[in-house]
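Undergrad: Here you go, target.txt (compact mmCIF, C-alpha atoms):
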```txt
# COMPACT_ATOMS: atom_id res chain seq x y z
CA MET R 18 198.89 135.87 48.29
CA SER R 19 200.71 138.82 46.73
CA GLU R 20 204.40 138.67 45.91
CA SER R 21 205.01 141.68 48.15
CA LEU R 22 203.53 140.11 51.27
CA LYS R 23 204.16 136.38 51.68
CA LEU R 24 203.60 135.20 55.26
CA LYS R 25 203.78 131.82 56.95
CA LEU R 26 202.74 130.91 60.49
CA ILE R 27 205.56 128.91 62.11
CA THR R 28 204.45 128.56 65.73
CA ALA R 29 200.77 129.00 66.57
CA PRO R 30 199.51 130.44 69.88
CA THR R 31 199.57 127.94 72.76
CA VAL R 32 196.45 129.38 74.41
CA GLU R 33 193.52 131.51 73.32
CA PRO R 34 192.71 135.03 74.60
CA VAL R 35 189.43 133.75 76.07
CA THR R 36 188.81 130.36 77.67
CA LEU R 37 186.03 127.88 77.09
CA ALA R 38 184.71 128.65 80.58
CA GLU R 39 184.61 132.39 79.82
CA LEU R 40 182.71 131.80 76.60
CA GLU R 41 180.21 129.50 78.33
CA LEU R 42 179.67 132.19 80.96
CA HIS R 43 179.16 134.78 78.21
CA LEU R 44 176.65 132.52 76.46
CA ARG R 45 175.06 131.43 79.76
CA ILE R 46 175.41 127.74 78.91
CA SER R 47 176.80 124.74 80.77
CA SER R 48 175.55 121.18 80.93
CA ASN R 49 177.14 120.13 84.22
CA ASP R 50 176.62 120.69 87.93
CA ILE R 51 179.21 121.60 90.56
CA GLU R 52 179.93 117.94 91.34
CA SER R 53 180.79 117.27 87.72
CA ASP R 54 182.68 120.53 87.27
CA LEU R 55 185.10 120.12 90.19
CA THR R 56 187.90 117.57 90.50
CA SER R 57 190.09 117.14 93.58
CA THR R 58 193.55 115.58 93.17
CA GLN R 59 196.13 115.02 95.88
CA SER R 60 199.59 116.38 95.18
CA ILE R 61 200.85 115.54 98.67
CA ALA R 62 198.78 112.93 100.50
CA PRO R 63 197.60 113.88 104.01
CA ALA R 64 199.89 112.30 106.60
CA SER R 65 202.30 113.06 109.40
CA HIS R 66 205.33 113.94 107.28
CA VAL R 67 208.79 113.47 108.77
CA ILE R 68 211.60 116.00 108.51
CA ALA R 69 212.49 116.71 104.88
CA ALA R 70 215.36 118.95 103.80
CA SER R 71 214.95 121.93 101.49
CA TYR R 72 211.90 121.11 99.30
CA THR R 73 212.75 117.43 99.05
CA LEU R 74 209.18 116.39 99.84
CA VAL R 75 207.90 116.38 96.25
CA GLY R 76 204.21 116.09 95.45
CA ASP R 77 202.68 114.45 92.40
CA GLY R 78 202.10 116.51 89.27
CA VAL R 79 198.49 117.38 88.45
CA ASP R 80 197.23 118.10 84.93
CA VAL R 81 195.47 121.49 85.01
CA LEU R 82 195.30 122.20 81.27
CA ASN R 83 192.16 124.14 80.28
CA SER R 84 191.07 124.33 83.91
CA GLN R 85 190.70 126.91 86.63
CA SER R 86 192.83 125.65 89.52
CA VAL R 87 193.14 126.27 93.25
CA VAL R 88 195.74 124.65 95.50
CA TYR R 89 194.84 123.93 99.14
CA LEU R 90 197.43 123.35 101.85
CA VAL R 91 195.52 121.64 104.67
CA SER R 92 197.50 121.58 107.91
CA GLY R 93 197.01 119.25 110.86
CA THR R 94 199.10 119.47 114.00
CA ASN R 95 202.81 120.26 113.96
CA GLU R 96 204.94 118.50 116.54
CA ALA R 97 206.83 120.80 118.92
CA GLY R 98 208.92 123.31 116.94
CA GLY R 99 207.97 121.80 113.58
CA THR R 100 207.52 124.02 110.51
CA VAL R 101 206.31 123.49 106.96
CA ASP R 102 207.35 125.58 103.96
CA ALA R 103 205.49 124.74 100.75
CA LYS R 104 205.40 126.23 97.27
CA ILE R 105 203.75 125.58 93.90
CA GLN R 106 205.80 124.60 90.85
CA GLU R 107 204.74 124.37 87.18
CA SER R 108 205.80 122.31 84.16
CA ASP R 109 205.08 121.71 80.49
CA ASP R 110 205.94 118.00 80.60
CA ASP R 111 205.52 116.80 84.23
CA VAL R 112 209.30 116.31 84.33
CA THR R 113 211.05 119.68 84.53
CA TYR R 114 209.45 122.01 87.08
CA THR R 115 210.09 125.64 88.00
CA ASP R 116 208.76 127.74 90.87
CA VAL R 117 205.57 129.70 90.31
CA THR R 118 205.93 133.43 90.98
CA SER R 119 204.21 134.25 94.28
CA GLY R 120 203.47 130.54 94.65
CA ALA R 121 204.81 130.10 98.19
CA PHE R 122 202.42 129.47 101.06
CA THR R 123 202.79 131.14 104.45
CA GLN R 124 205.06 129.04 106.65
CA VAL R 125 203.09 126.70 108.91
CA THR R 126 204.19 126.69 112.55
CA THR R 127 202.64 125.48 115.79
CA ALA R 128 201.09 128.94 116.07
CA ASN R 129 199.05 128.66 112.85
CA ASP R 130 198.65 124.91 112.21
CA ASN R 131 195.28 123.12 111.96
CA ALA R 132 194.21 125.55 109.24
CA THR R 133 193.78 125.72 105.47
CA GLN R 134 195.60 127.98 103.02
CA GLU R 135 194.61 128.39 99.40
CA LYS R 136 196.30 129.79 96.30
CA ALA R 137 194.86 130.08 92.81
CA TYR R 138 197.08 128.96 89.93
CA THR R 139 196.78 131.41 87.03
CA GLY R 140 199.73 130.26 84.91
CA ILE R 141 199.65 128.63 81.48
CA LYS R 142 201.56 125.38 82.06
CA GLN R 143 199.89 121.98 81.82
CA TYR R 144 201.10 120.55 85.14
CA ILE R 145 201.53 121.85 88.67
CA ARG R 146 202.72 120.26 91.89
CA VAL R 147 203.67 121.29 95.43
CA VAL R 148 207.05 120.75 97.06
CA ALA R 149 207.66 121.16 100.78
CA THR R 150 210.29 121.47 103.48
CA VAL R 151 209.57 119.96 106.89
CA ALA R 152 211.93 121.24 109.58
CA VAL R 153 212.69 120.38 113.23
CA ALA R 154 209.87 117.86 113.78
CA ALA R 155 207.16 115.92 111.95
CA CYS R 156 204.10 117.84 110.79
CA ALA R 157 200.69 116.65 109.67
CA PHE R 158 199.42 118.13 106.41
CA GLY R 159 198.32 117.41 102.87
CA VAL R 160 197.96 119.31 99.59
CA ASP R 161 194.97 119.10 97.25
CA VAL R 162 194.61 120.62 93.78
CA ILE R 163 191.03 121.52 92.88
CA THR R 164 190.34 121.97 89.17
CA SER R 165 187.17 123.34 87.62
CA SER R 166 186.49 122.29 84.03
CA PRO R 167 182.85 122.98 83.22
CA LEU R 168 181.84 121.11 80.09
CA SER R 169 179.14 121.86 77.59
CA VAL R 170 177.64 119.40 75.17
CA GLU R 171 179.09 121.63 72.43
CA ASP R 172 182.61 122.10 73.72
CA ASP R 173 184.30 121.21 70.44
CA LYS R 174 182.12 123.70 68.58
CA LEU R 175 182.75 126.45 71.12
CA GLU R 176 186.51 125.94 71.07
CA SER R 177 186.44 126.14 67.29
CA LEU R 178 184.45 129.38 67.50
CA ILE R 179 187.04 130.88 69.85
CA LYS R 180 189.91 130.14 67.47
CA THR R 181 187.99 131.34 64.43
CA SER R 182 186.83 134.54 66.13
CA ARG R 183 190.32 135.31 67.39
CA ARG R 184 191.76 134.93 63.90
CA ILE R 185 189.04 137.14 62.38
CA ILE R 186 189.61 139.90 64.96
CA GLU R 187 193.35 139.63 64.31
CA LEU R 188 192.66 140.03 60.60
CA HIS R 189 190.61 143.19 61.06
CA THR R 190 193.04 144.84 63.50
CA GLY R 191 196.36 143.68 62.08
CA ARG R 192 197.20 142.40 65.57
CA ARG R 193 198.36 139.10 67.01
CA PHE R 194 197.09 138.53 70.52
CA ILE R 195 198.96 135.54 71.98
CA THR R 196 202.69 135.06 71.24
CA GLN R 197 203.25 133.43 67.84
CA THR R 198 206.10 133.06 65.36
CA TRP R 199 205.79 134.13 61.72
CA GLU R 200 208.00 134.28 58.67
CA ARG R 201 207.89 136.89 55.93
CA ALA R 202 209.47 135.89 52.62
CA LEU R 203 210.94 138.39 50.15
CA ASP R 204 212.07 137.79 46.59
CA ALA R 205 214.73 140.48 47.04
CA PHE R 206 215.98 142.87 49.68
CA PRO R 207 214.39 146.33 49.36
CA SER R 208 216.10 149.46 48.13
CA CYS R 209 215.07 151.23 51.35
CA ASP R 210 216.52 150.65 54.83
CA SER R 211 213.51 149.00 56.50
CA ILE R 212 211.07 146.12 56.06
CA THR R 213 207.57 146.00 57.53
CA LEU R 214 206.64 142.95 59.61
CA PRO R 215 202.84 142.46 59.77
CA GLY R 216 201.49 141.42 63.16
CA ILE R 217 201.11 144.01 65.91
CA PRO R 218 202.79 144.13 68.38
CA LEU R 219 206.23 142.99 67.25
CA GLN R 220 208.24 141.35 70.04
CA SER R 221 211.52 140.50 68.35
CA VAL R 222 213.23 139.35 65.16
CA SER R 223 214.65 135.84 65.42
CA SER R 224 216.65 135.71 62.20
CA ILE R 225 217.10 137.03 58.66
CA LYS R 226 218.17 134.23 56.33
CA TYR R 227 218.95 134.60 52.63
CA TYR R 228 219.60 132.08 49.88
CA ASP R 229 221.86 132.41 46.86
CA VAL R 230 221.08 131.03 43.39
CA ASP R 231 222.37 127.61 44.50
CA ASP R 232 219.98 127.61 47.51
CA THR R 233 222.89 127.97 49.92
CA ALA R 234 221.63 129.60 53.10
CA ALA R 235 223.33 132.35 55.09
CA THR R 236 222.19 134.29 58.14
CA MET R 237 222.52 138.02 58.47
CA THR R 238 224.39 139.10 61.60
CA SER R 239 221.93 140.51 64.12
CA THR R 240 224.24 143.43 64.96
CA LEU R 241 223.60 144.87 61.49
CA TYR R 242 219.90 145.55 61.98
CA HIS R 243 217.42 146.80 64.55
CA ALA R 244 213.89 145.57 65.29
CA SER R 245 211.54 148.45 66.05
CA THR R 246 208.87 147.25 68.49
CA TYR R 247 207.44 150.75 68.93
CA ARG R 248 206.06 151.17 65.43
CA GLU R 249 202.75 149.67 64.39
CA PRO R 250 203.33 147.49 62.49
CA GLY R 251 206.88 146.77 63.61
CA THR R 252 209.85 146.98 61.28
CA VAL R 253 213.33 145.58 60.92
CA SER R 254 215.76 148.30 59.81
CA LEU R 255 219.41 148.54 58.93
CA LYS R 256 221.60 150.23 61.49
CA TYR R 257 223.47 153.37 60.46
CA GLY R 258 225.97 152.75 57.69
CA GLN R 259 224.89 149.14 57.07
CA VAL R 260 223.54 147.60 53.84
CA TRP R 261 221.51 144.54 52.96
CA PRO R 262 223.54 141.53 51.71
CA SER R 263 224.63 141.97 48.07
CA THR R 264 224.47 138.24 47.27
CA THR R 265 222.49 137.36 44.14
CA LEU R 266 219.41 135.68 45.56
CA ARG R 267 217.40 132.79 44.17
CA PRO R 268 214.43 133.98 42.08
CA TYR R 269 211.76 133.34 44.69
CA ASP R 270 211.75 133.64 48.49
CA GLY R 271 215.38 134.74 48.47
CA ALA R 272 215.18 136.23 51.96
CA ILE R 273 213.13 134.96 54.89
CA ILE R 274 212.63 136.94 58.09
CA GLN R 275 211.44 135.03 61.12
CA TYR R 276 209.93 137.09 63.91
CA ILE R 277 207.82 136.85 67.05
CA CYS R 278 204.73 138.95 67.68
CA GLY R 279 201.84 139.13 70.12
CA TYR R 280 201.03 140.73 73.48
CA GLY R 281 202.38 137.82 75.53
CA ASP R 282 202.09 134.13 76.38
CA ALA R 283 199.00 134.40 78.60
CA ALA R 284 195.42 135.49 78.03
CA SER R 285 195.90 138.10 80.77
CA ASP R 286 198.39 139.89 78.49
CA VAL R 287 195.71 140.66 75.89
CA PRO R 288 193.80 143.98 76.23
CA ASP R 289 190.25 143.44 77.49
CA MET R 290 188.66 145.20 74.51
CA TYR R 291 189.90 142.51 72.13
CA LYS R 292 188.69 139.73 74.43
CA GLU R 293 185.24 141.32 74.47
CA ALA R 294 185.25 141.55 70.68
CA ILE R 295 186.12 137.85 70.43
CA LEU R 296 183.33 136.90 72.86
CA GLN R 297 180.76 138.95 70.97
CA LEU R 298 181.77 137.48 67.63
CA CYS R 299 181.64 133.97 69.11
CA ALA R 300 178.12 134.68 70.37
CA GLU R 301 177.04 135.89 66.93
CA MET R 302 178.40 132.78 65.21
CA TYR R 303 176.91 130.51 67.89
CA GLU R 304 173.46 132.08 67.65
CA HIS R 305 173.40 132.37 63.86
CA ARG R 306 175.11 129.32 62.41
CA GLU R 307 174.50 130.06 58.77
CA THR R 308 177.57 130.89 56.70
CA THR R 309 178.63 134.53 56.95
CA ASP R 310 181.93 135.92 55.74
CA PHE R 311 183.05 137.88 58.79
CA ARG R 312 186.33 138.67 57.06
CA LYS R 313 184.35 141.52 55.49
CA TRP R 314 184.06 144.49 57.82
CA GLU R 315 180.46 145.21 56.84
CA ASN R 316 179.39 141.72 57.99
CA LEU R 317 180.71 142.06 61.53
CA PRO R 318 178.16 142.49 64.34
CA TRP R 319 177.47 146.11 65.28
CA GLY R 320 178.91 145.66 68.78
CA VAL R 321 182.18 144.25 67.46
CA LYS R 322 182.55 147.19 65.07
CA GLN R 323 182.02 149.61 67.94
CA ILE R 324 184.71 147.92 70.01
CA LEU R 325 187.29 147.78 67.25
CA GLY R 326 186.49 151.17 65.72
CA TYR R 327 189.48 152.69 63.98
CA GLU R 328 191.73 149.90 65.28
CA ARG R 329 191.19 147.81 62.16
CA GLU R 330 194.04 148.12 59.71
CA TYR R 331 193.32 145.26 57.28
CA LEU R 332 196.78 143.75 57.68
CA VAL R 333 197.06 140.00 57.09
```
Re-express the file's structure as structure tokens.

TA:
Amino acid sequence: MSESLKLKLITAPTVEPVTLAELELHLRISSNDIESDLTSTQSIAPASHVIAASYTLVGDGVDVLNSQSVVYLVSGTNEAGGTVDAKIQESDDDVTYTDVTSGAFTQVTTANDNATQEKAYTGIKQYIRVVATVAVAACAFGVDVITSSPLSVEDDKLESLIKTSRRIIELHTGRRFITQTWERALDAFPSCDSITLPGIPLQSVSSIKYYDVDDTAATMTSTLYHASTYREPGTVSLKYGQVWPSTTLRPYDGAIIQYICGYGDAASDVPDMYKEAILQLCAEMYEHRETTDFRKWENLPWGVKQILGYEREYLV
């Protein structure tokens, strides 16, 4: 790695731009049937539920990681005047939950009971559950979470191909698709007012730390610089009238800039053209398993080159 561009990945993406299920669909492979693919888990068991104050009827958490998920609210009969308000919540740890945007079901009354409502969960958290309010009188209902996790006999291989293809497409375009944290190390602050931060698009700069000859760390005040998220690649620049710290830095890696880049936390944030490029490269590597160095532009499949076109910028 050159002295002028020293990069370190600090926090890797939490999801990939394409899912295992999407790749299997693209490759037209799957080893299971619908019975094996679908799993039904109760969040709230079916019963006649007594009055429960504001969302104090709490369902069990259901692990939906790497799955397509649909939540079913199945209503029986409400007693006279009874109503049910239910909503989906999500969590990383099955402990702390927050409401899912647009995750509330239509209120169940005696006018629309004995029916089923469904909502797809499209978030990125590992766990979901349903909480409910039962007002006025007891109401019969239950909540099921249906997850679809089609498995192939080569799942591990396919997941590896997705990660590898994503990284290769990032390499050729200079982009980072899912939110990730990087650090760029400098041996010295530049003589100019700005520093380039590889990884398009730039979201924000977390910190600029610098180390003196005794390895004592200091952090540059964020009000002294500006992160330009409009440029490609993004930059961090001094504000008008400001200067870089004049401290004598240690000989190597004297300044370290930590920053966040990527289109967003979810696969849906990534432009479709890059997802298609990843799928096509995965298909090429799946079909032809001999070693090919796809880091070289000339070795990429024709279709991938057509998708990326002039987008490639050869930034690390």

Undergrad: Got a sec: who's within 10 Å of Gln124 in chain R, counting all atoms listed in the file, leaving out chain neighbours fewer than 4 positions off, as a list of chain:residue names?

TA: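 In the requested form, the answer reads R:Thr100, R:Val101, R:Asp102, R:Ala103, R:Lys104, R:Asn129, R:Asp130, R:Thr150.
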
Undergrad: With distances taken over all atoms listed in the file, which of R:Ala70, R:Leu298, R:Ala234, R:Leu22 is nearest to Asp204 in chain R?

TA: R:Leu22

Undergrad: Rounded to one decimal in Å, what is the spacing between CA of Ser224 in chain R and CA of Gln275 in chain R?

TA: 5.4 Å

Undergrad: Report, in Å with one decimal, the straight-line distance from CA of Phe158 in chain R to CA of Ser65 in chain R.

TA: 6.6 Å

Undergrad: Looking at all atoms listed in the file, which of R:Ala137, R:Ala149, R:Val88, R:Ile225 is the one that sits closest to Leu74 in chain R?

TA: R:Ala149

Undergrad: Neighbours of Ile61 in chain R within 8 Å (all atoms listed in the file; same-chain residues fewer than 5 positions away dropped), as a list in words?

TA: Val75, Gly76, Asp77, Val147, Gly159, Val160 and Asp161 of chain R

Undergrad: Can you work out which one of R:Cys209, R:Ile185, R:Ile195, R:Ala152 has the shortest atom-to-atom distance to Asp310 in chain R, counting all atoms listed in the file?

TA: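 Going through R:Cys209, R:Ile185, R:Ile195, R:Ala152 one by one, the smallest distance to Asp310 in chain R is for R:Ile185.
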
Undergrad: What does the distance between CA of Phe194 in chain R and CA of Tyr227 in chain R come to in Å, to one decimal place?

TA: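 A separation of 28.5 Å between them.
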
Undergrad: Which residues are close to range 81-86 of chain R, i.e. within 10 Å by only C-alpha atoms, leaving aside same-chain residues fewer than 3 positions away? Reply as a short mmCIF file (atom, residue, chain, number, x, y, z; two decimals) with C-alpha atoms, keeping the file's coordinate frame.

TA:
```
data_model
loop_
_atom_site.label_atom_id
_atom_site.label_comp_id
_atom_site.auth_asym_id
_atom_site.auth_seq_id
_atom_site.Cartn_x
_atom_site.Cartn_y
_atom_site.Cartn_z
CA VAL R 32 196.45 129.38 74.41
CA THR R 36 188.81 130.36 77.67
CA LEU R 37 186.03 127.88 77.09
CA ALA R 38 184.71 128.65 80.58
CA ASP R 54 182.68 120.53 87.27
CA LEU R 55 185.10 120.12 90.19
CA THR R 56 187.90 117.57 90.50
CA SER R 57 190.09 117.14 93.58
CA GLY R 78 202.10 116.51 89.27
CA TYR R 89 194.84 123.93 99.14
CA GLU R 107 204.74 124.37 87.18
CA ASP R 109 205.08 121.71 80.49
CA LYS R 136 196.30 129.79 96.30
CA ALA R 137 194.86 130.08 92.81
CA TYR R 138 197.08 128.96 89.93
CA THR R 139 196.78 131.41 87.03
CA GLY R 140 199.73 130.26 84.91
CA ILE R 141 199.65 128.63 81.48
CA LYS R 142 201.56 125.38 82.06
CA GLN R 143 199.89 121.98 81.82
CA TYR R 144 201.10 120.55 85.14
CA ILE R 145 201.53 121.85 88.67
CA VAL R 162 194.61 120.62 93.78
CA ILE R 163 191.03 121.52 92.88
CA THR R 164 190.34 121.97 89.17
CA SER R 165 187.17 123.34 87.62
CA SER R 166 186.49 122.29 84.03
CA PRO R 167 182.85 122.98 83.22
#
```
